[in-house]
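Pasted below: entry04.cif, mmCIF, C-alpha atoms.
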data_work
loop_
_atom_site.label_atom_id
_atom_site.label_comp_id
_atom_site.auth_asym_id
_atom_site.auth_seq_id
_atom_site.Cartn_x
_atom_site.Cartn_y
_atom_site.Cartn_z
CA MET A 1 103.73 73.04 105.31
CA GLY A 2 100.78 75.33 104.72
CA PRO A 3 100.98 78.36 102.44
CA LEU A 4 100.77 80.77 105.39
CA PHE A 5 103.70 79.09 107.15
CA ARG A 6 105.82 79.11 103.98
CA ARG A 7 105.05 82.80 103.39
CA SER A 8 106.00 83.61 107.00
CA LEU A 9 109.33 81.81 106.60
CA ARG A 10 110.05 83.75 103.41
CA PHE A 11 109.23 87.08 105.01
CA ILE A 12 111.42 86.31 108.06
CA GLY A 13 114.21 85.29 105.71
CA LEU A 14 113.91 88.60 103.84
CA LEU A 15 114.17 90.59 107.05
CA SER A 16 117.20 88.60 108.17
CA PHE A 17 118.89 89.07 104.80
CA ALA A 18 118.28 92.83 104.91
CA ALA A 19 119.77 92.97 108.41
CA LEU A 20 122.95 91.27 107.16
CA LEU A 21 123.31 93.96 104.51
CA VAL A 22 123.32 96.91 106.92
CA PRO A 23 127.07 97.00 107.71
CA SER A 24 128.12 97.05 104.03
CA ALA A 25 125.23 98.93 102.53
CA ALA A 26 126.05 102.24 104.14
CA GLU A 27 128.18 103.22 101.17
CA ALA A 28 126.00 103.70 98.11
CA GLN A 29 123.36 105.81 96.08
CA GLU A 30 120.34 106.75 93.59
CA GLN A 31 119.77 109.89 91.51
CA PRO A 32 120.71 113.20 93.10
CA ARG A 33 119.59 116.18 95.05
CA PHE A 34 121.37 116.77 98.22
CA LEU A 35 121.53 117.50 101.96
CA ILE A 36 120.48 119.97 104.57
CA ASP A 37 122.91 122.45 106.01
CA GLU A 38 122.30 125.60 108.02
CA THR A 39 122.35 127.65 104.83
CA VAL A 40 121.83 125.20 101.94
CA GLU A 41 119.26 122.46 101.35
CA PHE A 42 120.18 119.28 99.51
CA ASP A 43 117.37 116.99 98.40
CA PHE A 44 117.75 113.20 98.52
CA THR A 45 114.32 112.34 97.06
CA PRO A 46 115.63 111.09 93.70
CA LEU A 47 118.16 108.95 95.56
CA VAL A 48 115.99 107.06 97.99
CA LEU A 49 112.90 106.40 95.90
CA GLY A 50 114.37 103.68 93.82
CA GLU A 51 113.52 101.68 90.74
CA LEU A 52 110.32 99.64 90.76
CA GLU A 53 110.75 95.87 90.95
CA VAL A 54 108.60 92.81 91.61
CA ALA A 55 107.60 89.76 89.56
CA GLN A 56 104.85 87.49 88.24
CA ALA A 57 104.05 84.16 86.64
CA PRO A 58 103.33 82.77 83.17
CA SER A 59 99.76 82.05 82.14
CA ASP A 60 98.25 80.23 79.19
CA SER A 61 95.36 82.67 78.83
CA GLN A 62 96.88 86.14 79.32
CA GLU A 63 99.98 88.20 79.79
CA PRO A 64 102.11 87.65 82.91
CA GLY A 65 101.34 90.04 85.71
CA THR A 66 97.94 91.22 84.52
CA ASP A 67 95.57 89.26 86.76
CA ASN A 68 97.41 89.67 90.09
CA GLN A 69 97.64 85.98 90.87
CA PRO A 70 100.62 84.74 92.97
CA VAL A 71 103.74 84.25 90.87
CA THR A 72 104.53 80.58 90.39
CA VAL A 73 107.23 78.38 88.93
CA THR A 74 105.58 75.94 86.53
CA PRO A 75 106.69 72.29 87.04
CA GLY A 76 108.32 70.91 83.91
CA GLU A 77 108.85 74.32 82.31
CA SER A 78 112.20 74.67 80.54
CA ALA A 79 114.84 76.78 82.24
CA SER A 80 114.93 79.32 79.39
CA ALA A 81 111.12 79.63 79.31
CA GLU A 82 111.00 80.04 83.09
CA ASP A 83 113.70 82.72 83.04
CA ALA A 84 111.90 84.56 80.24
CA SER A 85 108.63 84.49 82.18
CA LEU A 86 110.27 85.73 85.38
CA ALA A 87 112.13 88.47 83.49
CA LYS A 88 108.87 89.85 82.18
CA ALA A 89 107.15 89.39 85.51
CA ALA A 90 109.91 91.12 87.45
CA GLN A 91 109.18 94.33 85.55
CA ASN A 92 105.68 94.66 87.05
CA PRO A 93 106.09 96.65 90.29
CA ILE A 94 102.73 95.55 91.71
CA ALA A 95 102.68 91.87 90.79
CA SER A 96 101.90 89.32 93.50
CA LEU A 97 105.42 88.14 94.32
CA ILE A 98 107.75 88.43 97.31
CA SER A 99 111.05 89.94 96.20
CA LEU A 100 114.10 91.71 97.60
CA PRO A 101 115.69 94.28 95.27
CA ILE A 102 119.05 95.73 96.31
CA GLN A 103 119.89 98.73 94.17
CA TRP A 104 123.18 100.65 94.02
CA ASN A 105 123.24 104.11 92.42
CA SER A 106 126.45 106.04 91.90
CA THR A 107 126.79 109.66 90.73
CA PRO A 108 130.44 110.64 90.18
CA ASN A 109 131.65 114.21 89.62
CA SER A 110 129.29 115.62 92.24
CA GLN A 111 129.88 118.68 94.44
CA TRP A 112 128.95 118.77 98.12
CA ALA A 113 127.86 122.46 98.26
CA PRO A 114 127.70 125.59 96.09
CA ASN A 115 130.76 127.81 95.98
CA VAL A 116 128.93 130.59 97.79
CA LEU A 117 129.06 128.29 100.83
CA ASP A 118 132.42 126.62 100.16
CA PRO A 119 134.63 128.39 97.57
CA ARG A 120 136.88 125.31 97.41
CA ALA A 121 134.09 122.87 96.58
CA LYS A 122 134.54 121.11 93.22
CA HIS A 123 132.78 118.47 91.15
CA ASN A 124 135.27 115.81 92.20
CA GLN A 125 133.33 113.60 94.64
CA THR A 126 131.03 110.62 94.20
CA GLN A 127 127.61 110.24 95.76
CA ASN A 128 126.42 106.66 96.42
CA VAL A 129 123.13 105.28 97.67
CA VAL A 130 122.14 101.65 98.22
CA ASN A 131 118.38 101.06 98.44
CA VAL A 132 117.16 97.87 100.10
CA GLN A 133 113.55 97.49 98.92
CA PRO A 134 111.62 94.45 100.24
CA VAL A 135 108.30 93.87 98.44
CA VAL A 136 105.63 91.71 100.09
CA PRO A 137 102.13 91.10 98.64
CA PHE A 138 99.10 90.04 100.69
CA LYS A 139 96.16 88.38 98.97
CA VAL A 140 93.07 89.90 100.59
CA SER A 141 90.49 88.23 98.37
CA ASP A 142 90.02 86.97 94.81
CA GLY A 143 89.38 90.57 93.80
CA LEU A 144 92.08 92.45 95.76
CA THR A 145 95.77 92.23 96.63
CA LEU A 146 97.79 94.56 98.87
CA VAL A 147 101.39 95.05 97.73
CA THR A 148 103.73 96.62 100.28
CA ARG A 149 107.03 98.15 99.24
CA THR A 150 109.52 99.67 101.69
CA ILE A 151 112.66 101.56 100.64
CA VAL A 152 115.50 101.67 103.17
CA PRO A 153 118.36 103.86 101.84
CA PHE A 154 121.99 103.67 102.94
CA ILE A 155 123.81 106.82 101.85
CA SER A 156 127.41 107.84 101.27
CA GLN A 157 127.17 111.60 100.74
CA PRO A 158 130.05 113.93 99.78
CA TRP A 159 130.78 116.51 102.44
CA ALA A 160 133.24 119.30 103.20
CA ARG A 161 137.03 118.94 102.80
CA GLY A 162 136.71 115.77 100.73
CA THR A 163 134.96 113.78 103.46
CA ASN A 164 131.81 111.66 103.24
CA ILE A 165 128.77 111.18 105.47
CA GLN A 166 127.69 107.54 105.73
CA ALA A 167 124.30 106.85 107.26
CA MET A 168 120.85 105.40 106.81
CA GLY A 169 118.37 107.83 105.25
CA ASP A 170 114.63 108.35 105.72
CA ILE A 171 112.59 105.15 105.25
CA ASN A 172 109.80 105.20 102.65
CA PRO A 173 107.02 102.56 102.93
CA SER A 174 104.18 102.41 100.35
CA VAL A 175 101.03 100.31 100.12
CA PHE A 176 99.30 99.61 96.79
CA PHE A 177 95.71 98.37 96.59
CA VAL A 178 95.67 96.24 93.43
CA PRO A 179 92.30 95.02 92.10
CA THR A 180 92.18 91.80 90.09
CA LEU A 181 91.75 92.75 86.44
CA LYS A 182 91.64 90.74 83.23
CA GLY A 183 93.49 91.95 80.20
CA ASN A 184 96.77 93.74 79.62
CA PHE A 185 96.55 96.41 82.33
CA THR A 186 97.33 96.33 86.05
CA VAL A 187 96.66 99.30 88.31
CA GLY A 188 97.51 100.02 91.93
CA VAL A 189 96.82 103.01 94.17
CA GLY A 190 97.47 103.80 97.81
CA PRO A 191 99.41 105.90 100.33
CA THR A 192 103.14 106.50 100.64
CA LEU A 193 104.93 107.72 103.79
CA ILE A 194 108.32 109.26 104.53
CA ILE A 195 109.56 108.39 108.04
CA PRO A 196 112.23 110.77 109.49
CA SER A 197 114.54 107.89 110.40
CA ALA A 198 117.89 109.19 109.09
CA THR A 199 120.75 108.37 111.43
CA ASP A 200 122.62 111.60 110.60
CA SER A 201 120.75 114.90 110.95
CA ARG A 202 122.63 116.34 107.96
CA LEU A 203 120.85 113.83 105.70
CA ALA A 204 117.41 114.23 107.24
CA SER A 205 114.42 116.41 106.51
CA GLY A 206 113.27 115.91 110.10
CA ARG A 207 109.66 115.85 108.85
CA TRP A 208 106.98 113.20 108.55
CA SER A 209 105.58 113.37 105.02
CA ALA A 210 102.81 111.50 103.22
CA GLY A 211 100.72 111.54 100.07
CA PRO A 212 99.06 109.43 97.37
CA THR A 213 100.86 107.06 95.01
CA GLY A 214 99.73 105.14 91.95
CA VAL A 215 101.07 102.68 89.36
CA LEU A 216 99.77 101.73 85.91
CA VAL A 217 101.30 98.73 84.06
CA TYR A 218 100.72 97.58 80.47
CA SER A 219 102.00 94.13 79.47
CA LYS A 220 101.64 92.66 75.98
CA GLY A 221 103.95 90.49 73.93
CA LYS A 222 107.57 91.37 74.68
CA VAL A 223 106.74 94.79 76.12
CA VAL A 224 106.14 95.78 79.75
CA ALA A 225 105.54 99.52 80.16
CA GLY A 226 103.90 101.95 82.54
CA GLY A 227 104.69 104.44 85.24
CA LEU A 228 104.53 105.41 88.90
CA ILE A 229 103.64 108.81 90.33
CA ASN A 230 103.45 110.19 93.86
CA ASN A 231 103.56 113.46 95.75
CA VAL A 232 104.31 113.91 99.44
CA TRP A 233 103.69 116.84 101.79
CA SER A 234 105.11 117.24 105.31
CA PHE A 235 102.59 117.18 108.14
CA ALA A 236 104.62 116.77 111.36
CA GLY A 237 108.12 116.67 112.80
CA GLY A 238 110.76 119.04 114.03
CA GLY A 239 112.47 119.89 110.75
CA LYS A 240 112.67 123.57 109.84
CA ASN A 241 111.73 123.17 106.15
CA ASP A 242 108.37 122.10 104.74
CA VAL A 243 108.34 119.21 102.26
CA ASN A 244 106.41 119.20 98.97
CA LYS A 245 107.91 116.82 96.42
CA MET A 246 106.72 114.88 93.38
CA LEU A 247 108.17 111.75 91.79
CA ILE A 248 107.34 110.35 88.34
CA GLN A 249 108.94 107.12 87.13
CA PRO A 250 108.05 105.93 83.63
CA PHE A 251 109.37 102.50 82.68
CA LEU A 252 109.72 100.63 79.38
CA ASN A 253 111.08 97.10 79.06
CA TYR A 254 111.60 95.00 75.93
CA ASN A 255 112.14 91.31 76.60
CA LEU A 256 114.61 89.18 74.65
CA PRO A 257 115.27 85.42 74.58
CA LYS A 258 116.78 83.53 77.53
CA GLY A 259 115.76 86.01 80.22
CA TRP A 260 117.56 89.03 78.72
CA TYR A 261 115.81 92.39 78.40
CA LEU A 262 116.38 96.06 77.57
CA THR A 263 115.14 98.56 80.14
CA SER A 264 114.65 102.27 80.76
CA SER A 265 113.31 103.50 84.09
CA PRO A 266 114.37 107.10 84.82
CA ILE A 267 113.26 108.76 88.06
CA ILE A 268 111.98 112.30 87.48
CA THR A 269 111.54 114.45 90.57
CA ALA A 270 110.37 117.95 91.39
CA ASN A 271 110.91 119.85 94.63
CA TRP A 272 108.05 122.37 94.64
CA MET A 273 109.73 124.28 97.48
CA ASN A 274 112.70 125.18 95.29
CA GLU A 275 112.48 128.78 94.10
CA ASP A 276 112.02 129.78 90.43
CA ASN A 277 110.92 126.26 89.42
CA LYS A 278 114.53 125.04 89.52
CA GLY A 279 113.94 121.95 91.62
CA TRP A 280 113.59 119.45 88.75
CA MET A 281 115.74 116.38 88.15
CA VAL A 282 115.16 114.85 84.69
CA PRO A 283 117.42 111.92 83.74
CA VAL A 284 117.38 110.03 80.42
CA GLY A 285 119.00 106.68 79.72
CA ALA A 286 118.65 102.91 79.47
CA GLY A 287 120.28 99.63 80.34
CA VAL A 288 120.24 95.86 80.02
CA GLY A 289 119.20 93.11 82.41
CA ARG A 290 118.78 89.37 82.75
CA VAL A 291 117.02 86.85 84.98
CA PHE A 292 119.04 83.76 85.87
CA LYS A 293 119.31 81.20 88.66
CA LEU A 294 122.06 80.91 91.23
CA GLY A 295 121.50 77.34 92.31
CA THR A 296 117.73 77.30 92.76
CA GLN A 297 117.41 81.03 93.55
CA PRO A 298 116.00 83.23 90.72
CA ILE A 299 117.79 86.58 90.50
CA ASN A 300 116.95 89.56 88.31
CA THR A 301 120.01 91.72 87.60
CA SER A 302 120.32 94.93 85.61
CA LEU A 303 122.87 97.61 84.78
CA SER A 304 121.88 101.02 83.40
CA ALA A 305 123.17 104.55 82.93
CA TYR A 306 121.22 107.83 83.04
CA TYR A 307 122.31 111.25 81.85
CA ASN A 308 120.97 113.99 84.14
CA LEU A 309 119.55 116.26 81.45
CA VAL A 310 118.00 118.71 83.95
CA LYS A 311 119.39 119.11 87.48
CA PRO A 312 118.16 121.11 90.47
CA GLU A 313 119.96 124.34 91.26
CA ILE A 314 121.18 125.42 94.69
CA ALA A 315 122.32 129.05 94.96
CA GLY A 316 122.56 129.19 91.18
CA GLU A 317 124.69 126.02 90.84
CA THR A 318 123.95 122.40 89.95
CA LEU A 319 125.69 120.07 92.39
CA ALA A 320 124.88 116.63 90.97
CA GLY A 321 127.17 114.96 88.44
CA ASP A 322 126.08 114.56 84.83
CA TRP A 323 125.70 110.74 85.00
CA THR A 324 124.13 108.28 87.41
CA PHE A 325 124.95 104.56 87.11
CA ARG A 326 122.54 101.97 88.50
CA LEU A 327 123.32 98.34 89.37
CA GLN A 328 120.61 96.10 90.82
CA ALA A 329 120.20 92.54 92.05
CA GLN A 330 116.62 91.50 92.79
CA PHE A 331 116.02 88.19 94.57
CA LEU A 332 112.72 86.62 93.46
CA PHE A 333 110.62 84.21 95.56
CA PRO A 334 107.92 82.63 93.33
CA THR A 335 105.71 79.89 94.74
CA GLY A 336 105.99 76.29 93.58
CA GLY A 337 109.10 74.91 91.96
#
Kindly return the structure encoded in the file as structure tokens.
Amino acid sequence: MGPLFRRSLRFIGLLSFAALLVPSAAEAQEQPRFLIDETVEFDFTPLVLGELEVAQAPSDSQEPGTDNQPVTVTPGESASAEDASLAKAAQNPIASLISLPIQWNSTPNSQWAPNVLDPRAKHNQTQNVVNVQPVVPFKVSDGLTLVTRTIVPFISQPWARGTNIQAMGDINPSVFFVPTLKGNFTVGVGPTLIIPSATDSRLASGRWSAGPTGVLVYSKGKVVAGGLINNVWSFAGGGKNDVNKMLIQPFLNYNLPKGWYLTSSPIITANWMNEDNKGWMVPVGAGVGRVFKLGTQPINTSLSAYYNLVKPEIAGETLAGDWTFRLQAQFLFPTGG
């Protein structure tokens, strides 16, 4: 079969797999800021813009992931060498590889609303978000690749009287224009969009928002490091509140033998609409991951924990719990094999 036909089959398979996840994925999370009520705004931005994932291939002449060529499995390569190569490649968010990350974030000891709104509210609930994040690259030419990344969040949000809201949140597609570069750096820039698709109005901004996004990746030896930044502003929609939010995600990975690696990828957010500059979420933490094969399917898994050093305030209170735990399984689809 031709490359185009194989790529089409993979993409269709990804969509089908994501569809199968919908019934069970409605109960999970990513770093906090909460909902919208008549009197109190909760911000989900840190939850639904999840960790960066993709992958890349080994090369004899330069570091994996730095020339934007399609990720391949090298015939005859040992299993441990292949896993190590994919582990390093999977840490490049704009590499040329189809992948499907599924990311669960859980923040226990959260509070649904400030006590000025609900005097009985306590930090005794857990917020969960599952992000399904298909990544699909398109080779435009020898000098340019488009990498598309779409985040579909499924949210279980604490609510009044110990209840939970379970719904799909706003969908966030991004497109990165990635030029072919030689050396240790990869860069991608493009637009990002927030679609007001939430299935429960209490979890929705009700606004279309858009802005620029960019990624810089450095890969050398055992280290893959870099960062993502974006800012979105609302421009349409029926929501009553304007949107102006920034996201910064630095990442640092140190690769170990046999596909293991150490990772840190906190998601720092700022809601510029929050008064008195108290809309910041600043987590710190780290985790461990490994690439392995389940049958013939490469999977990149990781587990990490982040302490929420700075949390946004609503009516003088912080509602998010102190810790967010992140578990991810990323299905990788390199060419060849």
(request) Identify which of the residues A:Asn308, A:Gln133, A:Ser156, A:Thr263 lies closest to Pro101 of chain A, counting all atoms listed in the file when measuring atom-to-atom distances. (result)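 Among the listed residues, the smallest separation from Pro101 of chain A belongs to A:Gln133.
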Running the PyMOL selection byres ((chain A and resi 179) around 6) on this model by hand, what would come out? Give it as a compact mmCIF listing (two decimals) with C-alpha atoms, keeping the file's coordinate frame.
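New file out17.txt:
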# COMPACT_ATOMS: atom_id res chain seq x y z
CA GLY A 143 89.38 90.57 93.80
CA LEU A 144 92.08 92.45 95.76
CA VAL A 178 95.67 96.24 93.43
CA THR A 180 92.18 91.80 90.09
(message) Please determine, counting all atoms listed in the file, which residue among A:Ala204, A:Thr163, A:Leu146, A:Phe325 has the shortest atom-to-atom distance to Ser302 of chain A.
(response)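 Going through A:Ala204, A:Thr163, A:Leu146, A:Phe325 one by one, the smallest distance to Ser302 of chain A is for A:Phe325.
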(message) One number please: atom CA of Arg326 of chain A to atom CA of Pro266 of chain A, in Å, one decimal.
(response) 10.3 Å
(message) Just the number, please: distance in Å from atom CA of Asp142 of chain A to atom CA of Phe177 of chain A, one decimal.
(response)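 If I compute the distance from atom CA of Asp142 of chain A to atom CA of Phe177 of chain A, I get 12.9 Å.
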(request) Kindly give the distance, in Å, that separates atom CA of Ile194 of chain A and atom CA of Lys311 of chain A, rounded to a single decimal. (result) 22.6 Å
(message) Excluding Gly321 of chain A and its own-chain neighbours fewer than 2 positions away, which residues fall within 12 Å of it when counting all atoms listed in the file? Please give them as an MDAnalysis selection string.
(response) chainID A and resid 30:34 106:112 122:128 158 281 283 306:312 317:319 323:325
(request) Please evaluate the PyMOL selection byres ((chain A and resi 243-253) around 6) against the displayed coordinates and give the resulting residues as a VMD selection string. (result) chain A and resid 223 to 234 242 254 262 to 272
(message) I'd like to know which of A:Pro334, A:Gly162, A:Gly237, A:Pro173 is closest to Thr148 of chain A, using only C-alpha atoms.
(response)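 Ranked by minimum distance to Thr148 of chain A, first place goes to A:Pro173.
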(request) Apply the PyMOL selection byres ((chain A and resi 151) around 6) to the file shown and report the selected residues as a PyMOL selection string. (result) chain A and resi 132-133+150+152+171-172
